[in-house]
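Data file: structure.cif. Format and content: mmCIF, C-alpha atoms.
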data_structure
#
loop_
_atom_site.label_atom_id
_atom_site.label_comp_id
_atom_site.auth_asym_id
_atom_site.auth_seq_id
_atom_site.Cartn_x
_atom_site.Cartn_y
_atom_site.Cartn_z
CA MET A 1 14.30 -0.61 10.56
CA LEU A 2 12.36 -3.42 8.93
CA VAL A 3 9.20 -2.51 10.84
CA LYS A 4 9.55 1.13 9.78
CA ALA A 5 10.06 0.14 6.14
CA ARG A 6 7.03 -2.16 6.31
CA HIS A 7 4.92 0.61 7.81
CA THR A 8 6.08 3.06 5.14
CA PHE A 9 5.28 0.59 2.35
CA LYS A 10 1.86 -0.18 3.85
CA ARG A 11 1.02 3.52 4.07
CA TRP A 12 2.19 4.07 0.48
CA TYR A 13 0.29 0.98 -0.73
CA THR A 14 -3.01 1.92 0.90
CA SER A 15 -2.82 5.62 0.05
CA HIS A 16 -3.79 5.23 -3.61
CA ILE A 17 -5.59 2.65 -5.72
CA ARG A 18 -2.99 3.27 -8.43
CA HIS A 19 -0.25 2.00 -6.11
CA GLN A 20 -2.28 -1.11 -5.33
CA VAL A 21 -2.85 -1.95 -9.00
CA PHE A 22 0.81 -1.30 -9.75
CA VAL A 23 2.03 -3.60 -6.96
CA ILE A 24 -0.38 -6.40 -7.88
CA ILE A 25 0.59 -6.36 -11.56
CA SER A 26 4.29 -6.09 -10.67
CA VAL A 27 4.07 -9.13 -8.40
CA LEU A 28 2.31 -11.07 -11.15
CA MET A 29 4.99 -10.07 -13.65
CA LEU A 30 7.69 -11.13 -11.19
CA LEU A 31 6.06 -14.55 -10.91
CA VAL A 32 5.91 -14.78 -14.71
CA VAL A 33 9.59 -13.84 -14.98
CA LEU A 34 10.55 -16.44 -12.37
CA ALA A 35 8.51 -19.05 -14.25
CA ILE A 36 10.27 -18.12 -17.48
CA GLY A 37 13.66 -18.45 -15.76
CA ILE A 38 12.83 -21.84 -14.26
CA ILE A 39 11.45 -23.20 -17.53
CA SER A 40 14.41 -21.86 -19.49
CA TRP A 41 16.90 -23.33 -17.01
CA ALA A 42 15.18 -26.71 -17.13
CA ALA A 43 15.02 -26.66 -20.93
CA THR A 44 18.70 -25.69 -21.15
CA GLU A 45 19.73 -28.50 -18.81
CA ILE A 46 17.67 -31.05 -20.73
CA ALA A 47 19.07 -29.87 -24.07
CA ALA A 48 22.64 -29.92 -22.71
CA ASP A 49 22.25 -33.43 -21.32
CA SER A 50 20.78 -34.66 -24.59
CA PHE A 51 23.63 -33.15 -26.60
CA ILE A 52 26.29 -34.61 -24.26
CA ASN A 53 24.63 -38.03 -24.36
CA GLN A 54 24.64 -37.94 -28.15
CA ARG A 55 28.34 -36.99 -28.18
CA ALA A 56 29.19 -39.77 -25.72
CA THR A 57 27.27 -42.29 -27.81
CA LEU A 58 29.00 -41.08 -30.97
CA MET A 59 32.47 -41.45 -29.41
CA GLN A 60 31.52 -44.91 -28.06
CA ARG A 61 30.53 -46.02 -31.55
CA GLN A 62 33.75 -44.63 -32.98
CA TRP A 63 35.70 -46.59 -30.38
CA MET A 64 33.68 -49.74 -31.22
CA GLN A 65 34.45 -49.33 -34.93
CA SER A 66 38.15 -48.78 -34.28
CA SER A 67 38.29 -51.78 -31.94
CA ILE A 68 36.58 -54.10 -34.44
CA GLN A 69 38.99 -53.01 -37.14
CA LEU A 70 41.96 -53.73 -34.84
CA GLY A 71 40.47 -56.97 -33.58
CA ALA A 72 41.08 -55.89 -30.00
CA ALA A 73 40.02 -53.15 -27.65
CA ALA A 74 41.47 -49.84 -28.82
CA ASN A 75 43.45 -47.84 -26.31
CA ILE A 76 41.86 -44.66 -24.95
CA THR A 77 44.36 -41.85 -24.44
CA SER A 78 41.96 -38.88 -24.12
CA PRO A 79 41.86 -37.35 -20.61
CA TYR A 80 38.10 -36.92 -20.85
CA LEU A 81 37.35 -40.57 -21.75
CA ALA A 82 37.67 -43.80 -19.77
CA LEU A 83 36.74 -47.44 -20.31
CA TYR A 84 35.98 -49.90 -17.53
CA SER A 85 35.05 -53.56 -17.59
CA GLY A 86 32.34 -54.95 -15.38
CA ASP A 87 34.82 -57.24 -13.60
CA ASP A 88 37.54 -54.58 -13.29
CA ASN A 89 38.71 -54.09 -9.70
CA THR A 90 39.50 -50.43 -10.33
CA ILE A 91 35.96 -49.57 -11.42
CA PRO A 92 34.65 -46.39 -9.72
CA ASP A 93 31.91 -46.74 -7.14
CA PHE A 94 29.34 -44.86 -9.19
CA LEU A 95 29.63 -47.51 -11.97
CA LYS A 96 28.99 -50.45 -9.64
CA GLY A 97 25.31 -49.67 -9.40
CA ILE A 98 24.62 -49.87 -13.14
CA ASP A 99 22.37 -52.83 -13.90
CA THR A 100 21.02 -51.96 -17.37
CA LEU A 101 22.50 -51.19 -20.75
CA GLY A 102 22.24 -47.67 -22.21
CA VAL A 103 23.27 -44.08 -21.45
CA LYS A 104 23.26 -42.71 -17.90
CA GLU A 105 24.28 -39.46 -16.26
CA PHE A 106 25.92 -39.06 -12.85
CA GLU A 107 25.63 -35.52 -11.50
CA LEU A 108 28.07 -35.89 -8.59
CA SER A 109 30.86 -37.22 -10.77
CA ASN A 110 29.77 -35.10 -13.74
CA ALA A 111 30.09 -38.15 -15.97
CA HIS A 112 28.02 -39.56 -18.78
CA VAL A 113 28.30 -43.37 -19.14
CA VAL A 114 27.43 -45.57 -22.11
CA THR A 115 27.05 -49.19 -20.95
CA PHE A 116 27.23 -51.82 -23.72
CA LEU A 117 28.26 -55.43 -24.38
CA SER A 118 31.89 -56.07 -25.29
CA PRO A 119 32.34 -57.15 -28.95
CA PHE A 120 35.06 -59.63 -27.96
CA LYS A 121 33.73 -61.40 -24.87
CA THR A 122 30.60 -61.70 -22.79
CA ASP A 123 31.11 -58.74 -20.56
CA TRP A 124 29.71 -55.30 -19.91
CA LEU A 125 31.83 -52.32 -20.76
CA HIS A 126 31.37 -48.81 -19.37
CA PHE A 127 32.41 -46.04 -21.73
CA VAL A 128 32.78 -42.95 -19.47
CA TYR A 129 32.79 -39.42 -20.85
CA PHE A 130 33.72 -36.35 -18.72
CA PRO A 131 32.40 -33.28 -20.62
CA ASP A 132 34.09 -30.78 -18.27
CA LYS A 133 37.52 -32.09 -19.33
CA ASP A 134 36.72 -32.03 -23.05
CA PRO A 135 38.35 -28.93 -24.63
CA GLU A 136 36.10 -29.27 -27.67
CA MET A 137 32.99 -29.24 -25.49
CA VAL A 138 31.77 -25.65 -25.30
CA ASN A 139 29.86 -24.83 -22.12
CA TYR A 140 27.04 -23.21 -24.00
CA GLY A 141 24.70 -23.62 -21.06
CA GLN A 142 26.17 -20.59 -19.29
CA GLY A 143 25.84 -18.49 -22.42
CA VAL A 144 22.24 -19.55 -22.83
CA MET A 145 21.46 -18.78 -19.19
CA ALA A 146 23.03 -15.34 -19.62
CA TYR A 147 20.67 -14.64 -22.48
CA VAL A 148 17.80 -16.01 -20.41
CA ALA A 149 18.76 -13.66 -17.56
CA TYR A 150 18.78 -10.72 -19.96
CA MET A 151 15.39 -11.78 -21.29
CA MET A 152 14.02 -12.06 -17.73
CA LEU A 153 15.21 -8.55 -16.89
CA LEU A 154 13.73 -7.20 -20.10
CA VAL A 155 10.38 -8.90 -19.49
CA PHE A 156 10.30 -7.63 -15.91
CA ALA A 157 11.12 -4.09 -17.03
CA LEU A 158 8.37 -4.25 -19.64
CA GLY A 159 6.05 -5.60 -16.96
CA LEU A 160 6.81 -2.63 -14.69
CA VAL A 161 6.09 -0.23 -17.53
CA ALA A 162 2.85 -2.09 -18.31
CA ALA A 163 1.91 -2.03 -14.60
CA HIS A 164 2.50 1.72 -14.51
CA LEU A 165 0.40 2.34 -17.62
CA ILE A 166 -2.42 0.01 -16.56
CA SER A 167 -2.58 1.43 -13.01
CA ARG A 168 -2.60 4.95 -14.45
CA HIS A 169 -5.34 4.00 -16.91
CA PHE A 170 -7.63 2.64 -14.21
CA SER A 171 -6.87 5.30 -11.59
CA LEU A 172 -7.37 8.35 -13.81
CA PRO A 173 -11.20 8.08 -13.89
CA ILE A 174 -11.28 7.68 -10.11
CA LEU A 175 -8.94 10.64 -9.67
CA GLY A 176 -11.20 12.64 -11.96
CA LEU A 177 -14.18 11.75 -9.82
CA VAL A 178 -12.29 12.68 -6.64
CA GLN A 179 -11.31 16.03 -8.16
CA GLN A 180 -14.90 16.60 -9.17
CA VAL A 181 -16.05 15.92 -5.61
CA HIS A 182 -13.51 18.41 -4.23
CA GLN A 183 -14.59 21.06 -6.73
CA LEU A 184 -18.33 20.74 -6.36
CA PRO A 185 -20.31 23.50 -8.04
CA GLU A 186 -22.96 25.31 -6.09
CA ASP A 187 -25.52 24.19 -8.62
CA GLY A 188 -25.73 20.39 -8.65
CA ALA A 189 -27.36 20.39 -12.08
CA SER A 190 -24.18 21.76 -13.65
CA ILE A 191 -22.14 18.62 -12.86
CA LYS A 192 -20.74 17.19 -16.07
CA ARG A 193 -21.69 13.59 -16.75
CA ARG A 194 -19.21 11.39 -18.56
CA ALA A 195 -20.39 8.72 -20.96
CA ARG A 196 -18.88 5.57 -19.41
CA ASN A 197 -20.59 2.21 -19.45
CA ASP A 198 -18.30 0.52 -16.94
CA GLU A 199 -18.29 0.43 -13.13
CA ILE A 200 -16.55 3.81 -12.91
CA GLY A 201 -19.36 5.38 -14.90
CA ALA A 202 -21.96 3.68 -12.71
CA LEU A 203 -20.20 4.97 -9.58
CA GLN A 204 -20.02 8.47 -10.97
CA ASN A 205 -23.69 8.49 -11.96
CA ALA A 206 -24.70 7.09 -8.58
CA TYR A 207 -22.70 9.79 -6.82
CA GLN A 208 -24.16 12.53 -8.99
CA ASN A 209 -27.71 11.31 -8.37
CA ALA A 210 -27.07 11.17 -4.62
CA TYR A 211 -25.52 14.64 -4.71
CA LEU A 212 -28.54 16.07 -6.50
CA ARG A 213 -30.86 14.47 -3.94
CA ILE A 214 -28.82 15.95 -1.11
CA GLN A 215 -28.84 19.35 -2.78
CA SER A 216 -32.62 19.17 -3.08
CA PHE A 217 -32.93 18.09 0.56
CA LEU A 218 -30.66 20.92 1.74
CA GLU A 219 -32.66 23.43 -0.23
CA ARG A 220 -35.84 22.24 1.47
CA GLU A 221 -34.06 22.44 4.84
CA LYS A 222 -33.01 26.02 4.12
CA GLN A 223 -36.57 26.94 3.27
CA PHE A 224 -37.82 25.27 6.43
CA THR A 225 -35.22 27.13 8.50
CA ARG A 226 -36.31 30.45 7.03
CA PHE A 227 -39.95 29.65 7.74
CA ALA A 228 -39.14 28.39 11.25
CA SER A 229 -37.13 31.52 11.97
CA HIS A 230 -40.29 33.55 11.47
CA GLU A 231 -42.97 31.18 12.75
CA LEU A 232 -41.15 30.20 15.96
CA ARG A 233 -40.17 33.73 16.89
CA THR A 234 -43.67 35.10 16.46
CA PRO A 235 -45.34 33.32 19.45
CA VAL A 236 -42.25 33.99 21.59
CA HIS A 237 -42.48 37.72 20.92
CA VAL A 238 -46.25 37.67 21.51
CA THR A 239 -45.76 35.90 24.86
CA LYS A 240 -42.99 38.30 25.80
CA GLY A 241 -45.16 41.35 25.08
CA ALA A 242 -48.14 39.89 26.95
CA VAL A 243 -46.06 39.09 30.03
CA GLU A 244 -44.57 42.59 30.10
CA LEU A 245 -48.04 44.09 29.84
CA LEU A 246 -49.41 41.85 32.61
CA LYS A 247 -46.50 42.71 34.90
CA MET A 248 -47.27 46.39 34.44
CA ILE A 249 -50.90 46.04 35.52
CA GLU A 250 -50.56 43.21 38.04
CA GLY A 251 -50.12 44.21 41.67
CA ASP A 252 -50.23 40.82 43.35
CA GLU A 253 -46.69 39.74 44.28
CA LYS A 254 -47.38 36.01 43.82
CA LYS A 255 -48.82 36.55 40.38
CA ARG A 256 -45.89 38.78 39.48
CA ASN A 257 -43.51 35.96 40.50
CA ILE A 258 -45.44 33.56 38.27
CA LEU A 259 -45.20 36.06 35.43
CA SER A 260 -41.45 36.36 36.04
CA ARG A 261 -41.06 32.62 35.74
CA ILE A 262 -43.06 32.67 32.51
CA GLU A 263 -40.82 35.46 31.26
CA LEU A 264 -37.66 33.49 32.11
CA ALA A 265 -39.05 30.38 30.42
CA ASN A 266 -39.91 32.46 27.37
CA GLN A 267 -36.37 33.82 27.30
CA ASP A 268 -35.02 30.26 27.50
CA MET A 269 -37.26 29.30 24.62
CA GLU A 270 -35.96 32.24 22.61
CA LYS A 271 -32.37 31.18 23.30
CA LEU A 272 -33.21 27.59 22.31
CA ILE A 273 -34.79 28.76 19.04
CA ASN A 274 -31.74 30.89 18.30
CA THR A 275 -29.51 27.92 19.00
CA PHE A 276 -31.44 25.60 16.69
CA LEU A 277 -31.39 28.19 13.94
CA LEU A 278 -27.68 28.80 14.39
CA ILE A 279 -26.95 25.08 14.20
CA GLY A 280 -29.11 24.74 11.09
CA ARG A 281 -27.50 27.73 9.41
CA GLU A 282 -24.00 26.95 10.64
CA GLU A 283 -23.63 30.54 11.85
CA ILE A 284 -21.84 29.75 15.11
CA GLY A 285 -19.48 32.70 14.85
CA GLN A 286 -22.33 35.24 14.96
CA GLN A 287 -23.03 34.71 18.66
CA ASN A 288 -21.98 37.04 21.47
CA ARG A 289 -19.03 35.91 23.59
CA VAL A 290 -19.74 36.04 27.33
CA SER A 291 -18.37 34.75 30.62
CA LEU A 292 -19.17 31.11 31.41
CA GLY A 293 -19.08 31.83 35.15
CA ASN A 294 -21.85 34.42 34.76
CA ILE A 295 -23.96 31.99 32.74
CA ILE A 296 -23.54 29.33 35.46
CA ASN A 297 -24.65 31.73 38.18
CA GLU A 298 -27.57 32.96 36.07
CA SER A 299 -28.73 29.43 35.26
CA LEU A 300 -28.56 28.33 38.90
CA SER A 301 -30.63 31.35 39.95
CA ARG A 302 -33.20 30.90 37.19
CA HIS A 303 -33.87 27.27 38.02
CA HIS A 304 -33.79 27.61 41.79
CA TYR A 305 -37.59 27.39 41.85
CA LEU A 306 -37.23 23.67 41.04
CA LEU A 307 -35.84 23.20 44.56
CA SER A 308 -38.91 24.65 46.31
CA ASP A 309 -40.06 22.59 49.31
CA ARG A 310 -37.00 20.32 48.89
CA HIS A 311 -33.83 20.13 50.97
CA ILE A 312 -31.16 20.08 48.30
CA ASP A 313 -27.60 21.11 49.06
CA VAL A 314 -26.20 23.07 46.09
CA MET A 315 -22.39 23.37 46.07
CA ARG A 316 -21.00 25.91 43.61
CA THR A 317 -17.27 26.20 42.86
CA ILE A 318 -16.03 28.60 40.21
CA GLU A 319 -12.24 28.73 40.22
CA SER A 320 -11.74 30.04 36.69
CA ASP A 321 -13.58 31.64 33.83
CA VAL A 322 -14.00 30.89 30.15
CA ILE A 323 -15.38 33.05 27.35
CA VAL A 324 -17.96 31.07 25.37
CA ALA A 325 -20.72 31.49 22.78
CA GLU A 326 -23.68 32.93 24.67
CA ASP A 327 -26.66 31.13 23.11
CA PHE A 328 -24.97 27.73 23.04
CA ALA A 329 -23.76 28.00 26.62
CA LYS A 330 -27.14 29.12 27.96
CA VAL A 331 -28.97 26.24 26.26
CA VAL A 332 -26.47 23.67 27.55
CA LEU A 333 -26.42 25.02 31.11
CA ALA A 334 -30.21 25.36 31.20
CA ASN A 335 -30.68 21.71 30.25
CA LEU A 336 -27.99 20.40 32.61
CA VAL A 337 -29.00 22.48 35.64
CA ARG A 338 -32.69 21.79 35.11
CA ASN A 339 -32.01 18.07 34.87
CA ALA A 340 -29.75 18.09 37.97
CA PHE A 341 -32.26 20.04 40.07
CA SER A 342 -35.21 17.94 38.90
CA TYR A 343 -33.71 14.51 39.65
CA SER A 344 -31.47 15.26 42.62
CA LEU A 345 -32.25 13.65 45.97
CA SER A 346 -30.05 15.63 48.33
CA SER A 347 -27.12 17.37 46.64
CA VAL A 348 -25.95 19.06 43.46
CA ARG A 349 -22.33 20.01 42.79
CA VAL A 350 -21.31 22.49 40.09
CA ALA A 351 -17.60 23.11 39.65
CA LEU A 352 -15.70 25.07 36.98
CA GLU A 353 -11.96 24.37 37.08
CA GLY A 354 -9.87 25.65 34.21
CA ARG A 355 -11.83 24.79 31.07
CA ARG A 356 -13.62 21.83 32.68
CA LEU A 357 -17.16 22.04 33.99
CA VAL A 358 -18.47 19.25 36.25
CA ILE A 359 -22.14 18.94 37.26
CA GLN A 360 -22.93 16.04 39.60
CA ASN A 361 -26.04 15.05 41.53
CA ASP A 362 -27.33 12.00 43.35
CA ILE A 363 -30.37 10.30 41.83
CA SER A 364 -32.82 7.56 42.68
CA GLU A 365 -32.91 4.23 40.87
CA ALA A 366 -36.20 5.16 39.18
CA ALA A 367 -34.68 8.36 37.73
CA GLN A 368 -31.60 6.83 36.12
CA HIS A 369 -33.16 7.03 32.66
CA GLY A 370 -34.84 10.37 33.06
CA PHE A 371 -32.53 12.64 31.05
CA GLY A 372 -34.89 12.48 28.04
CA HIS A 373 -34.29 14.45 24.84
CA GLY A 374 -32.34 17.10 26.73
CA GLU A 375 -29.18 15.01 26.45
CA GLU A 376 -29.52 14.82 22.66
CA ILE A 377 -29.88 18.61 22.53
CA VAL A 378 -26.77 19.03 24.70
CA LYS A 379 -24.79 16.59 22.53
CA VAL A 380 -25.74 18.40 19.31
CA VAL A 381 -24.90 21.82 20.73
CA CYS A 382 -21.57 20.65 22.17
CA ARG A 383 -20.65 19.02 18.87
CA SER A 384 -21.48 22.22 16.97
CA ALA A 385 -19.48 24.35 19.43
CA ASN A 386 -16.56 21.87 19.43
CA TRP A 387 -16.94 21.15 23.15
CA ARG A 388 -16.17 17.70 24.57
CA TYR A 389 -19.17 16.31 26.43
CA HIS A 390 -19.20 13.23 28.72
CA PHE A 391 -22.10 11.83 30.75
CA ARG A 392 -22.36 8.76 32.94
CA ILE A 393 -24.48 7.32 35.75
CA ALA A 394 -22.74 5.19 38.36
CA SER A 395 -23.32 4.44 42.06
CA SER A 396 -26.59 6.42 42.07
CA LYS A 397 -24.77 9.54 40.86
CA ALA A 398 -25.16 11.36 37.57
CA THR A 399 -22.02 13.12 36.37
CA VAL A 400 -21.66 15.48 33.44
CA VAL A 401 -18.24 16.73 32.32
CA ILE A 402 -17.74 19.33 29.58
CA TYR A 403 -14.40 20.62 28.31
CA PHE A 404 -14.77 24.05 26.72
#
Would you write the structure of this file as structure tokens?
Amino acid sequence: MLVKARHTFKRWYTSHIRHQVFVIISVLMLLVVLAIGIISWAATEIAADSFINQRATLMQRQWMQSSIQLGAAANITSPYLALYSGDDNTIPDFLKGIDTLGVKEFELSNAHVVTFLSPFKTDWLHFVYFPDKDPEMVNYGQGVMAYVAYMMLLVFALGLVAAHLISRHFSLPILGLVQQVHQLPEDGASIKRRARNDEIGALQNAYQNAYLRIQSFLEREKQFTRFASHELRTPVHVTKGAVELLKMIEGDEKKRNILSRIELANQDMEKLINTFLLIGREEIGQQNRVSLGNIINESLSRHHYLLSDRHIDVMRTIESDVIVAEDFAKVVLANLVRNAFSYSLSSVRVALEGRRLVIQNDISEAAQHGFGHGEEIVKVVCRSANWRYHFRIASSKATVVIYF
């Protein structure tokens, strides 16, 4: 229960700067209230002791005056007063330790003692006063402490109100800035600037300047994307048309195979351009949805030429199927299959089980760092498509796992 309460308080405390300011000021006010209580209690005790000592001294002087007038020690009949001689056998133990004249207080016995010289013989007398037994002695200390307690509660309540107002005062500008961030206008220049000369104003101005720079950068990126969409597609379309024309007039089978490979590479380039443009424009939902199993089979067939004159065992296992974004999936599979075929020594395994795709191949020590920029492309595409991508090299084997 205590751990749960602590966790709840910590979450509440860290969730808002207003809560933090409120707690800090409240703790400070609590310390101030405790200090007031301690000082008031100490002052009350000191004042009470001083008053009781004065009363004891006054009664001792009255007894001295009465005794001198009688010519002998006056009898004490009050239940709250007592008189002991220094050589009295019945003297209490707490009086035996007195070695100086004057007024002393004994907390355990709750007695105030006036020690003085006897006016009739050379002896010390101890005039003992018990204030608790004195009916005329009002215990004003309790009344004072009650008022002090009321004052402490009032000060603490005022402190809580002040903490609330101060925390609200300092958190409102930050809340305004947060609300402004959540409600960003499309035009950065229309952000309202507030005339504040403090740190909040500096933070707001710094944010607004950074936002305007980002807006300017994004605008340039949009322009570049529009230009790239045209400039990158143009040579791809030119190459595509030229290859189709050459295939129509070329009769040599070997040359036609070379042209087919050029055509496939050009198609891959077109898919890669589409992918980059989709990522830049954040238009992921505009892609066609196709079967992942078909893309795997197509990618393995397209890149089979990389295994020419090599004895590579390709194991393909497709136990399920997943519908995925076409352009993203083709770019990812093209990079992964091309990398596996290029660096494999003897075997490549491709397995699709459920929504998990595993591509594994053995590699040489010299090829352990040969993935190149293809891995960065795969990571970016998987992140944009919300696919989980994992890659590792261990025991001369490269393993790629993707959860679609």
Legend entry - Coordinates-based distance that separates atom CA of Ile393 of chain A from atom CA of Leu292 of chain A (Å, one decimal): 24.8 Å
Inset, instruction - Could you give me, as a ChimeraX atom specification, the residues within 8 Å of segment 59-75 of chain A, counting all atoms listed in the file and dropping anything in the same chain fewer than 4 positions from it? - result: /A:55,114,119-120,127
Legend entry - Hits from the PyMOL selection byres ((chain A and resi 78) around 12), listed as a PyMOL selection string: chain A and resi 59+63+74-77+79-83+128-131+133-136
Inset, instruction - Would you mind reading off the distance between atom CA of Ser320 of chain A and atom CA of Tyr343 of chain A, one decimal, in Å? - result: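 Spanning atom CA of Ser320 of chain A to atom CA of Tyr343 of chain A is a straight-line distance of 27.1 Å.
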Legend entry - Length of the atom CA of Leu154 of chain A to atom CA of Leu31 of chain A vector [Å]: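 Interatomic distance here is 14.0 Å.
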Inset, instruction - Rank A:Val331, A:Val337, A:Val358, A:Val21 by their smallest atom-to-atom distance to Val380 of chain A, using all atoms listed in the file, and report the top residue only. - result: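 Selected residue with least distance to Val380 of chain A: A:Val331.
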Legend entry - Residues within 8 Å of Ser344 of chain A, all atoms listed in the file, excluding chain neighbours under 2 positions, as a list in words: Ile312, Ala340, Phe341, Ser342, Ser346, Ser347, Val348, Asn361, Asp362, Ile363 and Ser364 of chain A
Keeping only C-alpha atoms, write the selected residues to a file as a short mmCIF file (atom, residue, chain, number, x, y, z; two decimals), in the frame of the given file.
data_model
loop_
_atom_site.label_atom_id
_atom_site.label_comp_id
_atom_site.auth_asym_id
_atom_site.auth_seq_id
_atom_site.Cartn_x
_atom_site.Cartn_y
_atom_site.Cartn_z
CA ILE A 312 -31.16 20.08 48.30
CA ALA A 340 -29.75 18.09 37.97
CA PHE A 341 -32.26 20.04 40.07
CA SER A 342 -35.21 17.94 38.90
CA SER A 346 -30.05 15.63 48.33
CA SER A 347 -27.12 17.37 46.64
CA VAL A 348 -25.95 19.06 43.46
CA ASN A 361 -26.04 15.05 41.53
CA ASP A 362 -27.33 12.00 43.35
CA ILE A 363 -30.37 10.30 41.83
CA SER A 364 -32.82 7.56 42.68
#
Inset, instruction - Find the residues near Ile25 of chain A: any atom within 9 Å, counting only C-alpha atoms, skip ones fewer than 6 places away on the same chain, and give them as a count of residues only. - result: 7
Legend entry - Selection under test: the PyMOL selection byres ((chain A and resi 300) around 10); residues as an MDAnalysis selection string: chainID A and resid 294:299 301:305 314 316 333:334 337:338 341 350
Inset, instruction - Go through A:Cys382, A:Ile39, A:Ala146, A:Met29 one by one, measure the shortest atom-to-atom distance of each to Ala329 of chain A using all atoms listed in the file, and give the residue with the smallest value. - result: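 With all atoms listed in the file as the atom set, the closest residue is A:Cys382.
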Inset, instruction - Evaluate the PyMOL selection byres ((chain A and resi 173) around 12) and record the selected residues as a VMD selection string, following the chain and residue labels used in the document. - result: chain A and resid 17 to 18 167 to 172 174 to 180 194 to 196 198 to 204
Limited to C-alpha atoms, could you put the picked residues into a file as a PDB file, in the coordinates of the input?
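Resulting contents of again_0.pdb:
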ATOM      1  CA  ILE A  17      -5.590   2.650  -5.720  1.00  0.00           C
ATOM      2  CA  ARG A  18      -2.990   3.270  -8.430  1.00  0.00           C
ATOM      3  CA  SER A 167      -2.580   1.430 -13.010  1.00  0.00           C
ATOM      4  CA  ARG A 168      -2.600   4.950 -14.450  1.00  0.00           C
ATOM      5  CA  HIS A 169      -5.340   4.000 -16.910  1.00  0.00           C
ATOM      6  CA  PHE A 170      -7.630   2.640 -14.210  1.00  0.00           C
ATOM      7  CA  SER A 171      -6.870   5.300 -11.590  1.00  0.00           C
ATOM      8  CA  LEU A 172      -7.370   8.350 -13.810  1.00  0.00           C
ATOM      9  CA  ILE A 174     -11.280   7.680 -10.110  1.00  0.00           C
ATOM     10  CA  LEU A 175      -8.940  10.640  -9.670  1.00  0.00           C
ATOM     11  CA  GLY A 176     -11.200  12.640 -11.960  1.00  0.00           C
ATOM     12  CA  LEU A 177     -14.180  11.750  -9.820  1.00  0.00           C
ATOM     13  CA  VAL A 178     -12.290  12.680  -6.640  1.00  0.00           C
ATOM     14  CA  GLN A 179     -11.310  16.030  -8.160  1.00  0.00           C
ATOM     15  CA  GLN A 180     -14.900  16.600  -9.170  1.00  0.00           C
ATOM     16  CA  ARG A 194     -19.210  11.390 -18.560  1.00  0.00           C
ATOM     17  CA  ALA A 195     -20.390   8.720 -20.960  1.00  0.00           C
ATOM     18  CA  ARG A 196     -18.880   5.570 -19.410  1.00  0.00           C
ATOM     19  CA  ASP A 198     -18.300   0.520 -16.940  1.00  0.00           C
ATOM     20  CA  GLU A 199     -18.290   0.430 -13.130  1.00  0.00           C
ATOM     21  CA  ILE A 200     -16.550   3.810 -12.910  1.00  0.00           C
ATOM     22  CA  GLY A 201     -19.360   5.380 -14.900  1.00  0.00           C
ATOM     23  CA  ALA A 202     -21.960   3.680 -12.710  1.00  0.00           C
ATOM     24  CA  LEU A 203     -20.200   4.970  -9.580  1.00  0.00           C
ATOM     25  CA  GLN A 204     -20.020   8.470 -10.970  1.00  0.00           C
TER      26      GLN A 204
END
Inset, instruction - Go through A:Ala47, A:Ala206, A:Leu336, A:Ala111 and flag the residue nearest Leu95 of chain A, using only C-alpha atoms for the distances. - result: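 Of A:Ala47, A:Ala206, A:Leu336, A:Ala111, the one nearest Leu95 of chain A, counting only C-alpha atoms, is A:Ala111.
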Inset, instruction - For Ala385 of chain A, please output as an NGL selection string all residues within 9 Å (counting only C-alpha atoms; exclusion window: fewer than 3 positions along the same chain). - result: :A and (284 or 325 or 328 or 380-382 or 404)
Inset, instruction - Fewer than 5 positions away in the same chain doesn't count, so skip those; otherwise give me all residues within 9 Å of Lys247 of chain A, counting all atoms listed in the file, as a ChimeraX atom specification. - result: /A:242,255-256,259-260
Legend entry - A:Asp313, A:His182, A:Asn335, A:Met152 ranked by distance to Trp41 of chain A, top pick (using all atoms listed in the file): A:Met152
